[in-house]
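Student: Next comes coords.txt, compact mmCIF, C-alpha atoms:
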# COMPACT_ATOMS: atom_id res chain seq x y z
CA MET A 151 -13.22 21.07 -2.78
CA LYS A 152 -13.12 22.67 0.69
CA PHE A 153 -9.50 21.58 1.04
CA PHE A 154 -8.46 23.46 -2.11
CA ILE A 155 -10.40 26.58 -1.09
CA LYS A 156 -8.67 26.56 2.30
CA TYR A 157 -5.31 26.12 0.61
CA ILE A 158 -5.90 29.12 -1.69
CA ILE A 159 -6.96 31.24 1.30
CA LYS A 160 -3.82 30.22 3.20
CA GLN A 161 -1.60 31.11 0.26
CA PHE A 162 -3.31 34.51 -0.02
CA LEU A 163 -2.88 35.17 3.71
CA TYR A 164 0.76 34.09 3.59
CA PHE A 165 1.39 36.76 0.95
CA ILE A 166 -0.70 39.52 2.55
CA LEU A 167 0.58 39.02 6.09
CA HIS A 168 4.08 40.10 5.11
CA ILE A 169 2.75 43.58 5.82
CA PHE A 170 3.17 42.75 9.54
CA TYR A 171 6.92 42.78 9.02
CA VAL A 172 6.65 46.50 9.87
CA PHE A 173 6.32 45.34 13.49
CA PRO A 174 9.68 44.22 14.92
CA VAL A 175 10.24 40.88 16.63
CA LYS A 176 10.37 41.40 20.41
CA ASN A 177 13.36 39.49 21.76
CA ASN A 178 11.85 38.97 25.22
CA ARG A 179 8.46 37.74 23.96
CA ILE A 180 7.54 34.05 24.04
CA ILE A 181 4.20 32.61 22.98
CA PHE A 182 2.81 29.20 23.94
CA GLU A 183 0.20 27.17 22.10
CA SER A 184 -1.18 23.80 23.19
CA PHE A 185 -3.65 21.85 21.04
CA ASN A 186 -4.54 24.94 18.96
CA GLY A 187 -5.53 26.90 22.05
CA LYS A 188 -7.86 24.22 23.44
CA GLN A 189 -5.81 23.80 26.62
CA ILE A 190 -3.06 25.29 28.75
CA SER A 191 -1.32 21.98 29.21
CA ASP A 192 1.11 19.41 27.88
CA ASN A 193 4.79 20.11 27.13
CA PRO A 194 4.34 23.87 26.56
CA PHE A 195 2.78 24.18 30.04
CA TYR A 196 5.80 22.66 31.80
CA ILE A 197 8.24 24.78 29.81
CA TRP A 198 6.22 27.91 30.61
CA LYS A 199 6.06 26.96 34.29
CA LEU A 200 9.84 26.66 34.69
CA LEU A 201 10.62 29.74 32.60
CA LYS A 202 8.13 31.79 34.60
CA GLU A 203 9.84 30.75 37.84
CA ASN A 204 13.30 31.74 36.58
CA ASN A 205 12.80 34.46 33.93
CA SER A 206 10.56 37.26 35.12
CA GLN A 207 11.88 39.53 32.33
CA LEU A 208 10.13 37.48 29.64
CA ASP A 209 6.87 38.63 28.08
CA PHE A 210 4.63 35.53 28.19
CA ILE A 211 1.61 35.03 25.94
CA TRP A 212 -0.74 32.02 25.72
CA VAL A 213 -2.94 31.09 22.78
CA VAL A 214 -6.45 30.24 23.96
CA GLY A 215 -9.84 29.23 22.61
CA LYS A 216 -13.15 30.78 23.60
CA ASP A 217 -14.07 28.17 26.22
CA ILE A 218 -10.62 27.42 27.64
CA PHE A 219 -10.14 26.80 31.36
CA LEU A 220 -7.81 29.36 33.00
CA PHE A 221 -6.28 28.84 36.45
CA ASP A 222 -7.55 31.14 39.19
CA ASP A 223 -4.17 32.85 39.54
CA PHE A 224 -3.44 32.98 35.79
CA LYS A 225 -2.16 36.46 34.95
CA ASP A 226 -0.36 36.15 31.60
CA LYS A 227 -1.54 37.73 28.36
CA THR A 228 -3.75 35.66 26.07
CA VAL A 229 -4.68 35.81 22.38
CA VAL A 230 -7.55 33.94 20.74
CA PHE A 231 -6.52 31.27 18.23
CA HIS A 232 -6.57 32.55 14.61
CA SER A 233 -7.54 36.09 15.66
CA LEU A 234 -5.76 39.20 14.38
CA ARG A 235 -4.04 39.58 17.77
CA TYR A 236 -2.93 35.95 17.47
CA ILE A 237 -1.30 36.62 14.10
CA LEU A 238 0.41 39.76 15.38
CA ALA A 239 1.67 37.97 18.50
CA MET A 240 2.96 35.06 16.41
CA MET A 241 4.82 37.38 14.07
CA THR A 242 6.39 39.49 16.82
CA SER A 243 7.44 36.77 19.31
CA LYS A 244 11.08 35.73 19.39
CA PHE A 245 10.14 32.27 20.69
CA ILE A 246 7.11 30.20 19.70
CA VAL A 247 6.43 26.98 21.63
CA ASN A 248 3.80 24.71 20.12
CA ASN A 249 2.80 21.05 20.59
CA THR A 250 1.05 20.33 17.27
CA GLY A 251 2.76 22.32 14.50
CA PHE A 252 2.87 25.87 13.20
CA SER A 253 0.24 27.69 11.14
CA THR A 254 1.36 27.51 7.52
CA TYR A 255 -0.40 30.75 6.54
CA ILE A 256 1.87 32.82 8.81
CA PRO A 257 5.13 34.05 7.19
CA PHE A 258 7.50 33.55 10.11
CA ARG A 259 10.83 35.38 10.03
CA LYS A 260 14.32 33.91 10.03
CA ASN A 261 15.21 35.45 13.39
CA GLN A 262 12.27 33.77 15.14
CA ILE A 263 12.81 30.49 17.01
CA LEU A 264 10.02 27.95 16.58
CA ILE A 265 10.07 25.06 19.07
CA ASN A 266 7.81 22.07 18.37
CA THR A 267 7.41 19.91 21.47
CA TRP A 268 4.86 17.56 19.85
CA HIS A 269 2.10 15.99 21.95
CA GLY A 270 2.99 12.31 21.99
CA GLY A 271 6.01 10.21 22.82
CA GLY A 272 7.11 6.80 21.64
CA ALA A 273 6.17 5.49 18.18
CA TYR A 274 2.76 3.87 17.81
CA LYS A 275 0.02 4.95 15.39
CA ARG A 276 1.12 6.61 12.17
CA VAL A 277 0.94 10.39 11.83
CA GLY A 278 1.65 13.11 9.32
CA CYS A 279 1.69 13.32 5.56
CA GLU A 280 2.13 9.57 5.08
CA ASN A 281 -1.27 8.90 6.65
CA VAL A 282 -3.54 10.78 4.23
CA ALA A 283 -6.64 8.72 3.54
CA GLU A 284 -7.06 9.95 -0.04
CA LYS A 285 -3.64 10.22 -1.65
CA LYS A 286 -4.83 11.79 -4.90
CA ALA A 287 -1.86 13.32 -6.67
CA LEU A 288 -2.84 17.00 -6.41
CA TYR A 289 -4.23 16.72 -2.87
CA PHE A 290 -1.14 14.92 -1.64
CA SER A 291 1.29 17.29 -3.35
CA ILE A 292 -0.42 20.33 -1.78
CA LEU A 293 -0.40 18.76 1.68
CA LYS A 294 3.24 17.76 1.24
CA LYS A 295 4.10 21.36 0.33
CA ASP A 296 2.47 22.54 3.57
CA VAL A 297 4.46 19.97 5.55
CA PHE A 298 7.69 21.09 3.87
CA ASN A 299 6.90 24.71 4.81
CA ILE A 300 6.51 23.67 8.46
CA ALA A 301 9.76 21.73 8.28
CA LYS A 302 11.55 24.78 6.90
CA THR A 303 10.32 27.12 9.64
CA THR A 304 10.79 24.73 12.58
CA SER A 305 13.94 25.55 14.58
CA VAL A 306 13.82 22.78 17.21
CA PHE A 307 11.74 19.60 17.39
CA ILE A 308 11.79 17.84 20.77
CA SER A 309 12.17 14.06 20.57
CA SER A 310 11.26 11.45 23.18
CA SER A 311 13.27 8.59 21.65
CA LYS A 312 15.51 7.57 18.77
CA LYS A 313 12.61 5.77 17.10
CA PHE A 314 10.45 8.88 17.39
CA THR A 315 13.12 10.89 15.60
CA ASP A 316 13.28 8.28 12.83
CA VAL A 317 9.55 8.11 12.18
CA MET A 318 8.90 11.85 12.45
CA THR A 319 11.77 12.60 10.09
CA GLU A 320 10.05 10.32 7.60
CA SER A 321 6.50 11.60 8.11
CA ASN A 322 7.11 15.35 8.59
CA PHE A 323 10.24 15.84 6.45
CA ILE A 324 11.95 17.79 9.22
CA PRO A 325 15.75 17.43 8.94
CA ARG A 326 17.27 15.14 11.56
CA GLU A 327 19.62 17.86 12.81
CA LYS A 328 16.64 19.89 14.06
CA TYR A 329 15.61 17.20 16.55
CA LEU A 330 16.62 17.60 20.17
CA GLY A 331 16.70 14.23 21.93
CA ILE A 332 15.91 15.19 25.52
CA GLY A 333 12.59 13.48 26.30
CA MET A 334 9.25 15.20 26.87
CA PRO A 335 8.99 17.99 29.47
CA ARG A 336 5.60 16.71 30.59
CA ASN A 337 7.16 13.38 31.60
CA ASP A 338 9.79 14.81 33.96
CA ILE A 339 7.32 14.54 36.82
CA PHE A 340 7.31 10.72 36.64
CA PHE A 341 10.97 10.68 37.68
CA ASN A 342 10.16 12.53 40.91
CA SER A 343 8.18 10.34 43.32
CA ILE A 344 7.52 13.23 45.72
CA GLU A 345 5.90 15.31 42.96
CA VAL A 346 3.87 12.32 41.78
CA GLN A 347 2.45 11.81 45.28
CA LYS A 348 1.74 15.52 45.61
CA GLU A 349 -0.22 15.55 42.33
CA ASN A 350 -1.97 12.33 43.32
CA GLY A 351 -3.32 13.89 46.49
CA LYS A 352 -4.27 17.14 44.77
CA VAL A 353 -6.22 15.45 41.98
CA ARG A 354 -8.04 13.04 44.30
CA SER A 355 -9.11 15.99 46.41
CA LYS A 356 -10.37 17.90 43.35
CA LEU A 357 -12.28 14.87 42.04
CA ASP A 358 -13.58 13.85 45.46
CA LEU A 359 -11.84 10.47 45.36
CA LYS A 360 -10.74 8.62 48.47
CA LYS A 361 -7.11 7.86 49.21
CA ASP A 362 -7.74 4.10 49.19
CA ASP A 363 -9.85 4.00 46.00
CA PHE A 364 -8.26 1.99 43.18
CA VAL A 365 -8.63 4.39 40.23
CA VAL A 366 -8.70 3.12 36.67
CA LEU A 367 -8.30 5.76 33.94
CA TYR A 368 -9.79 4.73 30.60
CA ALA A 369 -8.35 6.97 27.88
CA PRO A 370 -8.97 5.91 24.26
CA THR A 371 -7.68 7.87 21.28
CA TYR A 372 -8.74 8.18 17.61
CA ARG A 373 -10.43 5.09 16.22
CA GLY A 374 -10.46 4.36 12.52
CA ALA A 375 -8.80 6.56 9.90
CA VAL A 376 -7.47 10.03 10.62
CA SER A 377 -10.61 11.90 9.62
CA SER A 378 -13.28 9.42 10.72
CA PRO A 379 -15.70 10.30 13.55
CA GLN A 380 -15.56 8.62 16.94
CA GLU A 381 -17.39 5.30 16.89
CA ASP A 382 -19.29 3.34 19.52
CA SER A 383 -16.83 0.50 19.05
CA ASN A 384 -15.15 0.58 22.45
CA ASN A 385 -17.72 -1.67 24.17
CA ILE A 386 -15.65 -1.90 27.30
CA ASP A 387 -17.54 -3.70 30.08
CA ILE A 388 -17.22 -1.37 33.07
CA LEU A 389 -18.97 -3.66 35.55
CA LYS A 390 -16.73 -6.59 34.59
CA LEU A 391 -13.68 -4.32 34.76
CA LYS A 392 -14.57 -3.18 38.28
CA SER A 393 -15.19 -6.72 39.43
CA VAL A 394 -11.88 -8.09 38.15
CA CYS A 395 -9.89 -5.12 39.54
CA GLU A 396 -11.47 -5.46 42.98
CA ASN A 397 -10.73 -9.17 42.90
CA LYS A 398 -7.12 -8.60 41.81
CA PHE A 399 -6.16 -5.57 43.93
CA GLY A 400 -8.60 -5.91 46.84
CA LYS A 401 -9.82 -2.31 46.76
CA LYS A 402 -12.95 -0.46 45.73
CA THR A 403 -12.48 0.39 42.04
CA ILE A 404 -13.41 3.72 40.45
CA VAL A 405 -13.36 4.02 36.64
CA LEU A 406 -12.78 7.43 35.05
CA PHE A 407 -13.20 8.28 31.37
CA ARG A 408 -10.78 10.59 29.56
CA GLY A 409 -11.59 11.30 25.92
CA HIS A 410 -9.29 12.60 23.18
CA TYR A 411 -9.36 16.42 23.24
CA SER A 412 -10.64 16.77 19.66
CA LEU A 413 -13.43 14.20 19.62
CA ILE A 414 -17.06 13.92 20.68
CA TYR A 415 -17.88 10.49 22.09
CA LYS A 416 -21.13 8.54 21.82
CA LEU A 417 -20.73 6.55 25.00
CA ASP A 418 -23.03 5.86 27.94
CA PHE A 419 -21.16 7.92 30.51
CA SER A 420 -23.50 6.76 33.29
CA LEU A 421 -21.45 3.55 33.39
CA PHE A 422 -18.34 5.50 34.41
CA ASP A 423 -17.88 7.00 37.85
CA LYS A 424 -16.64 10.27 36.38
CA ASN A 425 -15.96 11.85 32.99
CA VAL A 426 -12.67 13.73 33.35
CA SER A 427 -12.30 14.70 29.67
CA SER A 428 -12.38 18.37 30.59
CA TYR A 429 -9.73 18.07 33.30
CA PRO A 430 -7.01 20.46 32.10
CA ASN A 431 -3.87 18.39 32.72
CA MET A 432 -3.52 14.77 31.60
CA GLN A 433 -0.20 14.28 33.42
CA GLU A 434 -1.86 15.03 36.75
CA LEU A 435 -4.46 12.36 36.01
CA LEU A 436 -1.69 9.88 35.19
CA CYS A 437 0.02 10.68 38.50
CA MET A 438 -3.25 9.93 40.30
CA ALA A 439 -4.38 6.82 38.37
CA ASP A 440 -3.56 3.37 39.72
CA MET A 441 -4.14 1.82 36.31
CA LEU A 442 -4.34 3.09 32.74
CA ILE A 443 -6.37 1.44 30.00
CA THR A 444 -5.92 2.92 26.55
CA ASP A 445 -5.66 1.65 22.98
CA TYR A 446 -3.28 3.36 20.55
CA SER A 447 -2.67 6.55 22.54
CA SER A 448 0.85 7.72 23.30
CA SER A 449 -0.31 8.15 26.90
CA MET A 450 1.02 4.59 27.24
CA TRP A 451 4.52 6.01 26.70
CA ASP A 452 4.06 8.50 29.52
CA PHE A 453 2.45 6.03 31.92
CA SER A 454 5.12 3.39 31.26
CA PHE A 455 7.55 5.47 33.32
CA THR A 456 5.39 4.95 36.42
CA ASN A 457 5.59 1.11 36.29
CA LYS A 458 1.92 1.01 37.35
CA PRO A 459 -0.48 -1.44 35.65
CA GLY A 460 -1.32 -0.54 32.05
CA PHE A 461 -3.40 -2.33 29.43
CA LEU A 462 -4.51 -1.87 25.83
CA PHE A 463 -8.17 -2.59 25.03
CA VAL A 464 -8.28 -2.90 21.23
CA PRO A 465 -11.49 -4.54 19.94
CA ASP A 466 -10.94 -2.87 16.56
CA LEU A 467 -7.24 -3.73 16.25
CA ASP A 468 -7.40 -5.29 12.78
CA LYS A 469 -9.49 -2.45 11.35
CA TYR A 470 -7.35 0.25 12.95
CA GLN A 471 -4.13 -1.34 11.76
CA ASN A 472 -5.43 -1.62 8.20
CA GLU A 473 -6.79 1.93 8.07
CA ARG A 474 -4.05 3.81 9.91
CA GLY A 475 -1.13 1.51 10.55
CA PHE A 476 1.57 1.37 13.22
CA TYR A 477 5.24 2.29 13.37
CA THR A 478 6.06 -0.62 15.67
CA PRO A 479 4.37 -3.99 16.32
CA ILE A 480 1.78 -3.84 19.10
CA GLU A 481 3.43 -6.87 20.72
CA THR A 482 6.44 -4.67 21.54
CA TRP A 483 4.42 -1.90 23.22
CA PRO A 484 4.70 -1.44 26.99
CA PHE A 485 1.27 -2.85 27.89
CA ALA A 486 -0.41 -6.20 27.29
CA PHE A 487 -3.27 -5.94 24.76
CA ALA A 488 -6.70 -7.57 24.54
CA LYS A 489 -9.41 -7.56 21.85
CA THR A 490 -12.22 -8.67 24.17
CA ASN A 491 -13.45 -7.95 27.68
CA GLU A 492 -12.66 -11.55 28.62
CA GLY A 493 -9.13 -11.11 27.33
CA LEU A 494 -8.74 -7.85 29.26
CA ALA A 495 -9.90 -9.52 32.47
CA LYS A 496 -7.41 -12.34 31.95
CA GLN A 497 -4.53 -9.89 31.37
CA ILE A 498 -5.41 -7.99 34.55
CA MET A 499 -5.59 -11.14 36.67
CA GLU A 500 -2.20 -12.33 35.34
CA TRP A 501 -0.47 -8.94 35.81
CA THR A 502 2.54 -8.66 38.13
CA PRO A 503 4.79 -5.69 38.98
CA GLU A 504 7.80 -7.68 37.71
CA PHE A 505 6.10 -8.32 34.36
CA GLN A 506 5.27 -4.62 33.93
CA ALA A 507 8.73 -3.38 34.89
CA GLU A 508 10.43 -5.79 32.48
CA LYS A 509 8.04 -4.97 29.61
CA ASN A 510 8.57 -1.24 30.14
CA LYS A 511 12.34 -1.64 30.24
CA LYS A 512 12.44 -3.62 27.00
CA HIS A 513 10.16 -1.12 25.29
CA HIS A 514 12.27 1.88 26.35
CA GLU A 515 15.42 0.14 25.16
CA LEU A 516 13.83 -0.88 21.85
CA LEU A 517 12.76 2.69 21.07
CA GLY A 518 15.93 4.27 22.45
CA SER A 519 14.29 6.44 25.10
CA PHE A 520 15.73 9.88 25.87
CA GLU A 521 13.54 10.34 28.97
CA ASP A 522 15.46 10.94 32.21
CA GLY A 523 13.47 13.60 34.05
CA HIS A 524 15.45 16.65 32.85
CA ALA A 525 13.79 17.57 29.54
CA THR A 526 12.25 20.82 30.82
CA GLU A 527 15.57 22.05 32.17
CA ARG A 528 17.32 21.31 28.87
CA ILE A 529 14.85 23.04 26.57
CA CYS A 530 14.74 26.03 28.93
CA GLU A 531 18.55 26.17 28.72
CA VAL A 532 18.25 26.37 24.93
CA ILE A 533 15.87 29.32 25.26
CA GLU A 534 18.00 31.05 27.90
CA ASN A 535 21.18 30.62 25.84
CA GLU A 536 19.45 32.22 22.87
CA LEU A 537 18.38 35.12 25.06
CA GLU A 538 21.98 35.65 26.21
CA ASN A 539 23.20 35.76 22.62
CA ILE A 540 20.72 38.42 21.49
When written as structure tokens, how does the structure in this file appear?
Tutor:
Amino acid sequence: MKFFIKYIIKQFLYFILHIFYVFPVKNNRIIFESFNGKQISDNPFYIWKLLKENNSQLDFIWVVGKDIFLFDDFKDKTVVFHSLRYILAMMTSKFIVNNTGFSTYIPFRKNQILINTWHGGGAYKRVGCENVAEKKALYFSILKKDVFNIAKTTSVFISSSKKFTDVMTESNFIPREKYLGIGMPRNDIFFNSIEVQKENGKVRSKLDLKKDDFVVLYAPTYRGAVSSPQEDSNNIDILKLKSVCENKFGKKTIVLFRGHYSLIYKLDFSLFDKNVSSYPNMQELLCMADMLITDYSSSMWDFSFTNKPGFLFVPDLDKYQNERGFYTPIETWPFAFAKTNEGLAKQIMEWTPEFQAEKNKKHHELLGSFEDGHATERICEVIENELENI
């Protein structure tokens, strides 16, 4: 019932908000939104960073939530997600850069350019309209109509790989010609070893980690169906993990926990050395980590470009696959997977740099990767070319 009430409200707002057409679109205004204002991060952050260095004439605005972390030297304008100022900024910005999708209650104009960077690369767990848990006819048709509206208003959709374009075309109904196969701006850093080392040092200093510590980042994603709450099903054995890593790599092991931005976890955090879920930039953590353990998160795509050890801990694999489903077989993913702590320990002990490099290479080839370290430059060129043609 709540779903239908929300839909009616959105339709009403879509009609009423046409009154804001009295305010002209400002050709030099660009607004950024990352995870519905929960962070200043991800692909929009890296696009903003480069544009700000090269285009001082642009009017930058960021969408924020009430408790968002802002950098000490952050000076740009901000608007609170879903506020009246947010709506006005959205309807008067020439460029809108977003990593989740655009609000369907806002009547965007034809001369606005909406750039969807998305927030995950590769092709792993299913997303979008095809993954609705209850596909009742009316519910599904309404949701599909919303998705079609987003597809119609989207100007550019950044793609990380050929497979990503294929699956997102299917799930989000966005025409193939709107996809820009350039890779993800947030992943450019992994093609620059100097920048990776710089971020590594910076993050270790912030988190009070020693240079010689072997840092394992444990970063699980959604478990179960799309709308289900986070479960206590991870059951990863931290003490066993530390022991096997110290045995394998010969260094003191530190295990950090990074939770999905939208979930509340019911874990015993005392077992982890640090909870870095609130750290504002995941890419910086990936630059710092010596090993990544995840499950179905697209962070595996990002980390695969580092060639550092990566593993999938998936005790609920059968359940997750049945409830949500995958685009590609887990056997083809860049990291070895294990359903048990014993299996995870075995995979770690058997890991070699050659194995990881070969598995990553095959995975990138299978998905048709577009990543080459120049995605940010290319999407900024698109924006700058549009500015020149105004």
Student: Restricting the calculation to all atoms listed in the file, which member of A:Glu349, A:Glu183, A:Glu515, A:Asp445 is positioned closest to Tyr368 (chain A)?
Tutor: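 Using all atoms listed in the file, the shortest distance to Tyr368 (chain A) belongs to A:Asp445.
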Student: May I have the residues within 10 Å of Ile237 (chain A) as an MDAnalysis selection string, using only C-alpha atoms and disregarding those fewer than 6 positions away in the same chain?
Tutor: chainID A and resid 167 170 229:231 253 255:257
Student: Give the answer as one residue: which of A:Arg528, A:His168, A:Arg179, A:Lys152 has the shortest atom-to-atom distance to Asp338 (chain A), using all atoms listed in the file?
Tutor: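 That would be A:Arg528, the residue with the smallest distance to Asp338 (chain A).
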Student: Do you know which residues are at most 10 Å from region 204-215 of chain A counting all atoms listed in the file, after dropping those on the same chain fewer than 4 positions away, and could you put them as an MDAnalysis selection string?
Tutor: chainID A and resid 176:190 194:195 198:200 219:220 225:233 235:236 239:240 243 245:248 530 534 537
Student: Would you work out the distance separating CA of Asp468 (chain A) from CA of Tyr274 (chain A), expressed in Å to one decimal?
Tutor: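 If I compute the distance from CA of Asp468 (chain A) to CA of Tyr274 (chain A), I get 14.6 Å.
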Student: Between A:Val353, A:Ile158, A:Ile388, A:Val277, which has the minimum distance to Asn431 (chain A) (counting all atoms listed in the file)?
Tutor: A:Val353
Student: Taking all atoms listed in the file into account, name the residue in A:Leu436, A:Ala488, A:Met318, A:Ile344 that is nearest to Leu467 (chain A).
Tutor: A:Ala488
